[in-house]
$ cat start_9.txt   # compact mmCIF, C-alpha atoms
# COMPACT_ATOMS: atom_id res chain seq x y z
CA MET A 16 -23.28 -24.57 -13.46
CA ALA A 17 -21.29 -23.95 -10.30
CA VAL A 18 -18.10 -21.93 -10.75
CA LEU A 19 -15.19 -22.59 -8.36
CA ILE A 20 -12.49 -19.95 -7.84
CA SER A 21 -9.61 -19.15 -5.53
CA GLY A 22 -8.38 -15.73 -6.61
CA ARG A 23 -9.36 -12.73 -8.70
CA GLY A 24 -12.16 -14.51 -10.56
CA THR A 25 -11.38 -13.07 -13.99
CA ASN A 26 -12.46 -16.24 -15.81
CA MET A 27 -15.63 -16.34 -13.72
CA VAL A 28 -16.44 -12.75 -14.71
CA ALA A 29 -15.75 -13.51 -18.39
CA LEU A 30 -18.07 -16.53 -18.27
CA ALA A 31 -20.77 -14.58 -16.43
CA GLN A 32 -20.71 -11.84 -19.05
CA ARG A 33 -21.20 -14.46 -21.79
CA CYS A 34 -24.13 -15.94 -19.84
CA PHE A 35 -25.70 -12.50 -19.47
CA SER A 36 -25.28 -11.75 -23.19
CA GLY A 37 -26.74 -15.11 -24.22
CA ASP A 38 -23.56 -16.23 -26.00
CA LEU A 39 -23.29 -19.04 -23.46
CA LYS A 40 -26.69 -20.57 -22.78
CA ALA A 41 -26.08 -21.45 -19.15
CA ARG A 42 -26.82 -20.11 -15.70
CA ILE A 43 -24.36 -19.75 -12.85
CA SER A 44 -26.11 -21.25 -9.81
CA PHE A 45 -23.42 -20.17 -7.38
CA VAL A 46 -19.76 -19.20 -7.12
CA ALA A 47 -17.71 -21.08 -4.53
CA SER A 48 -14.23 -20.39 -3.20
CA ASP A 49 -11.80 -21.92 -0.75
CA LYS A 50 -10.84 -18.39 0.33
CA LYS A 51 -13.32 -16.08 2.03
CA ASP A 52 -11.32 -12.99 1.05
CA ALA A 53 -10.89 -13.92 -2.62
CA LEU A 54 -11.42 -10.89 -4.84
CA GLY A 55 -13.53 -13.06 -7.13
CA ILE A 56 -16.06 -13.62 -4.33
CA LYS A 57 -16.51 -9.86 -3.99
CA LYS A 58 -16.98 -9.59 -7.76
CA ALA A 59 -19.49 -12.46 -7.77
CA ARG A 60 -21.57 -10.79 -5.07
CA GLU A 61 -21.51 -7.49 -6.98
CA MET A 62 -22.81 -9.37 -10.05
CA GLY A 63 -25.68 -10.81 -8.00
CA PHE A 64 -24.52 -14.41 -7.63
CA GLU A 65 -24.92 -16.53 -4.54
CA THR A 66 -21.50 -17.20 -3.04
CA ILE A 67 -20.28 -20.10 -0.92
CA ILE A 68 -17.09 -20.37 1.12
CA LEU A 69 -15.82 -23.94 1.28
CA PRO A 70 -14.51 -24.79 4.79
CA TYR A 71 -11.14 -26.27 3.85
CA ASN A 72 -9.89 -25.24 7.29
CA GLU A 73 -12.06 -28.13 8.56
CA GLY A 74 -10.55 -30.58 6.07
CA ARG A 75 -11.12 -31.54 2.45
CA ALA A 76 -13.90 -34.00 3.25
CA ARG A 77 -15.92 -31.32 5.05
CA ALA A 78 -15.33 -28.79 2.25
CA GLU A 79 -16.32 -31.20 -0.49
CA GLY A 80 -19.33 -32.33 1.51
CA HIS A 81 -20.49 -28.72 1.74
CA LEU A 82 -19.92 -28.26 -1.99
CA ASN A 83 -21.83 -31.46 -2.77
CA GLU A 84 -24.80 -30.37 -0.65
CA ASN A 85 -25.08 -27.13 -2.62
CA ILE A 86 -24.67 -28.89 -5.97
CA LEU A 87 -27.51 -31.27 -5.14
CA SER A 88 -29.80 -28.65 -3.62
CA GLN A 89 -29.46 -26.40 -6.66
CA SER A 90 -29.56 -29.15 -9.31
CA VAL A 91 -26.18 -28.13 -10.73
CA GLU A 92 -25.29 -30.01 -13.92
CA TRP A 93 -21.71 -28.81 -14.48
CA ILE A 94 -18.85 -27.89 -12.16
CA VAL A 95 -16.57 -25.32 -13.77
CA LEU A 96 -13.15 -24.68 -12.25
CA ALA A 97 -11.93 -21.15 -12.94
CA GLY A 98 -8.66 -20.68 -11.10
CA PHE A 99 -9.62 -23.07 -8.30
CA MET A 100 -6.34 -24.05 -6.63
CA ARG A 101 -7.44 -27.15 -4.73
CA ILE A 102 -7.12 -30.79 -5.79
CA LEU A 103 -10.50 -32.51 -5.71
CA SER A 104 -10.59 -35.95 -4.11
CA SER A 105 -10.95 -39.12 -6.17
CA ASP A 106 -14.31 -39.76 -4.52
CA PHE A 107 -15.64 -36.34 -5.55
CA VAL A 108 -14.29 -36.63 -9.09
CA GLY A 109 -15.79 -40.12 -9.40
CA LYS A 110 -19.18 -38.86 -8.28
CA TYR A 111 -19.20 -36.19 -11.00
CA ARG A 112 -17.30 -38.04 -13.73
CA ASP A 113 -17.10 -36.01 -16.97
CA LYS A 114 -19.05 -33.16 -15.38
CA ILE A 115 -16.08 -31.20 -13.98
CA VAL A 116 -14.23 -28.87 -16.36
CA ASN A 117 -10.96 -26.99 -15.82
CA ILE A 118 -8.93 -24.41 -17.71
CA HIS A 119 -5.14 -24.54 -17.50
CA PRO A 120 -2.65 -21.89 -18.71
CA SER A 121 -0.40 -24.12 -20.82
CA LEU A 122 -0.63 -26.61 -23.66
CA LEU A 123 -1.03 -29.77 -21.61
CA PRO A 124 0.62 -32.17 -21.05
CA ALA A 125 3.42 -29.56 -20.97
CA PHE A 126 3.80 -27.53 -17.78
CA PRO A 127 1.14 -28.91 -15.42
CA GLY A 128 0.85 -27.45 -11.92
CA THR A 129 0.27 -24.09 -10.33
CA SER A 130 3.07 -22.07 -11.97
CA ALA A 131 2.55 -23.05 -15.61
CA ILE A 132 2.98 -19.60 -17.17
CA LYS A 133 6.19 -18.90 -15.26
CA ASP A 134 7.52 -22.39 -15.95
CA ALA A 135 6.91 -22.05 -19.70
CA PHE A 136 8.43 -18.57 -19.81
CA GLU A 137 11.55 -19.58 -17.91
CA TYR A 138 11.95 -22.74 -20.02
CA GLY A 139 12.15 -20.53 -23.08
CA VAL A 140 9.37 -22.03 -25.19
CA LYS A 141 8.35 -20.11 -28.30
CA VAL A 142 4.74 -21.33 -28.14
CA THR A 143 2.62 -21.96 -25.08
CA GLY A 144 -1.13 -21.60 -24.65
CA VAL A 145 -4.32 -22.63 -22.91
CA THR A 146 -6.05 -25.99 -22.39
CA VAL A 147 -9.65 -26.75 -21.43
CA HIS A 148 -10.04 -30.29 -20.13
CA LEU A 149 -12.25 -32.61 -18.15
CA VAL A 150 -11.03 -33.31 -14.63
CA ASP A 151 -9.96 -36.78 -13.59
CA GLU A 152 -8.19 -38.13 -10.50
CA LEU A 153 -4.76 -36.84 -11.57
CA MET A 154 -3.61 -33.21 -11.65
CA ASP A 155 -4.06 -31.46 -15.02
CA HIS A 156 -4.49 -34.81 -16.71
CA GLY A 157 -8.08 -35.37 -17.86
CA PRO A 158 -9.26 -35.61 -21.50
CA ILE A 159 -8.57 -32.44 -23.48
CA LEU A 160 -11.56 -30.58 -24.90
CA SER A 161 -9.76 -27.69 -26.61
CA GLN A 162 -6.46 -25.86 -26.80
CA ARG A 163 -5.25 -22.53 -28.15
CA GLU A 164 -1.69 -21.54 -28.91
CA VAL A 165 -0.13 -18.34 -27.61
CA ARG A 166 3.18 -17.26 -29.12
CA VAL A 167 5.97 -16.14 -26.82
CA GLU A 168 7.73 -13.20 -28.46
CA ASP A 169 11.31 -12.21 -27.66
CA SER A 170 9.94 -8.91 -26.36
CA ASP A 171 7.53 -10.59 -23.93
CA THR A 172 7.93 -10.26 -20.19
CA LEU A 173 6.34 -12.68 -17.76
CA GLU A 174 3.65 -10.05 -17.13
CA SER A 175 2.89 -9.52 -20.82
CA LEU A 176 2.74 -13.28 -21.40
CA GLU A 177 0.34 -13.66 -18.49
CA GLU A 178 -1.88 -10.99 -20.04
CA LYS A 179 -1.92 -12.79 -23.40
CA ILE A 180 -2.68 -16.13 -21.72
CA HIS A 181 -5.58 -14.66 -19.75
CA LYS A 182 -7.02 -13.06 -22.88
CA ALA A 183 -6.92 -16.44 -24.62
CA GLU A 184 -8.53 -18.13 -21.59
CA HIS A 185 -11.41 -15.66 -21.49
CA ASP A 186 -12.29 -16.36 -25.11
CA LEU A 187 -11.60 -20.10 -25.33
CA TYR A 188 -13.39 -21.15 -22.13
CA TRP A 189 -16.89 -19.97 -22.96
CA ARG A 190 -16.63 -21.25 -26.54
CA THR A 191 -15.60 -24.70 -25.32
CA LEU A 192 -18.31 -24.79 -22.67
CA ARG A 193 -20.91 -23.80 -25.26
CA GLU A 194 -20.02 -26.85 -27.34
CA LEU A 195 -19.75 -29.13 -24.32
CA PHE A 196 -23.11 -28.08 -22.88
CA SER A 197 -24.78 -28.58 -26.28
CA GLY A 198 -23.73 -32.24 -26.24
CA ARG A 199 -21.44 -32.04 -29.26
CA TYR A 200 -18.50 -33.87 -27.67
CA ARG A 201 -18.10 -37.63 -27.60
CA LYS A 202 -15.31 -39.69 -26.08
CA LYS A 203 -13.04 -41.87 -28.19
CA GLY A 204 -10.52 -43.33 -25.75
CA ARG A 205 -8.84 -40.28 -24.26
CA ARG A 206 -9.77 -38.15 -27.23
CA MET A 207 -12.76 -35.80 -27.13
CA ILE A 208 -14.29 -35.47 -30.60
CA ILE A 209 -16.68 -32.71 -31.69
CA GLU A 210 -19.51 -33.89 -33.90
CA GLY A 211 -22.04 -31.98 -35.97
CA PRO A 212 -22.62 -28.24 -36.53
CA TYR A 213 -23.29 -25.98 -33.59
$ encode --input "start_9.txt" --output "structure tokens"
Amino acid sequence: MAVLISGRGTNMVALAQRCFSGDLKARISFVASDKKDALGIKKAREMGFETIILPYNEGRARAEGHLNENILSQSVEWIVLAGFMRILSSDFVGKYRDKIVNIHPSLLPAFPGTSAIKDAFEYGVKVTGVTVHLVDELMDHGPILSQREVRVEDSDTLESLEEKIHKAEHDLYWRTLRELFSGRYRKKGRRMIIEGPY
């Protein structure tokens, strides 16, 4: 799998650790980012992964072309978004239909977008959570693979809620990918159904 990041790379690190332990039977071919100074790129290099900087300063088409070249040359089967803050083009998504996975810090379809945790906190919800979904042409919209609730306590601050959300992400993502990679999911309309024992 190729892992795409934009920031600290905490989900990437959590996935890598599960790959190293054998809990997730997958290999990270490379870690790509739209930001050359992303902390996650530094972490990826320290963990021994090949890293790629996507040239979004030259336009989305050039960046996605560069990404596609690396996917093809390394026989990548899955594209895993882990805090990647760019919208992929319809052409790119169409080329890799049902092979691009994203994790989002809310219970979609509630609170899509880049400030989901803050939006949920300020709205005053008592329950929010995490969603793992396939990527389609619309933002935070593709078929849902899994979700996990996170309670918002009266004592929570935005920072403490963010910490709880990230903890849920780090556990839910690898578990969902394990089932997805094993071929247990099947599509039924928009619904993604898990079949059979792991």
$ residues_around --input "start_9.txt" --residues "Leu30 in chain A" --least-positions-apart "5" --cutoff "9 Å" --atoms "all atoms listed in the file" --output "list of chain:residue names"
A:Thr25, A:Phe35, A:Leu39, A:Ile43, A:His185, A:Asp186, A:Tyr188, A:Trp189
$ atom_distance --input "start_9.txt" --atom1 "CA of Lys114 in chain A" --atom2 "CA of Val91 in chain A"
9.9 Å
$ residues_around --input "start_9.txt" --residues "Asn117 in chain A" --least-positions-apart "5" --cutoff "8 Å" --atoms "all atoms listed in the file" --output "PyMOL selection string"
chain A and resi 95-97+147-150
$ residues_around --input "start_9.txt" --residues "Ile209 in chain A" --least-positions-apart "4" --cutoff "9 Å" --atoms "all atoms listed in the file" --output "PyMOL selection string"
chain A and resi 160+194-195+198-201
$ atom_distance --input "start_9.txt" --atom1 "CA of Asp134 in chain A" --atom2 "CA of Ile180 in chain A"
13.3 Å
$ residues_around --input "start_9.txt" --residues "range 130-132 of chain A" --least-positions-apart "4" --cutoff "7 Å" --atoms "only C-alpha atoms" --output "list in words"
Pro120, Ser121, Phe126, Phe136 and Glu177 of chain A
$ closest_residue --input "start_9.txt" --among "A:Ile94, A:Ala29, A:Val108, A:Leu153" --to "Phe196 in chain A" --atoms "only C-alpha atoms"
A:Ile94
$ residues_around --input "start_9.txt" --residues "Lys51 in chain A" --least-positions-apart "6" --cutoff "10 Å" --atoms "all atoms listed in the file" --output "VMD selection string"
chain A and resid 21 to 22 57 66 to 70
$ residues_near_point --input "start_9.txt" --point "(-4.6, -33.1, -16.0)" --cutoff "10 Å" --atoms "only C-alpha atoms" --output "list of chain:residue names"
A:Asn117, A:Ile118, A:His119, A:Leu123, A:Pro124, A:Pro127, A:Gly128, A:Thr146, A:Val147, A:His148, A:Leu149, A:Val150, A:Asp151, A:Glu152, A:Leu153, A:Met154, A:Asp155, A:His156, A:Gly157, A:Pro158, A:Ile159
$ closest_residue --input "start_9.txt" --among "A:Glu137, A:Asp49, A:Glu210, A:Glu61" --to "Leu103 in chain A" --atoms "all atoms listed in the file"
A:Asp49
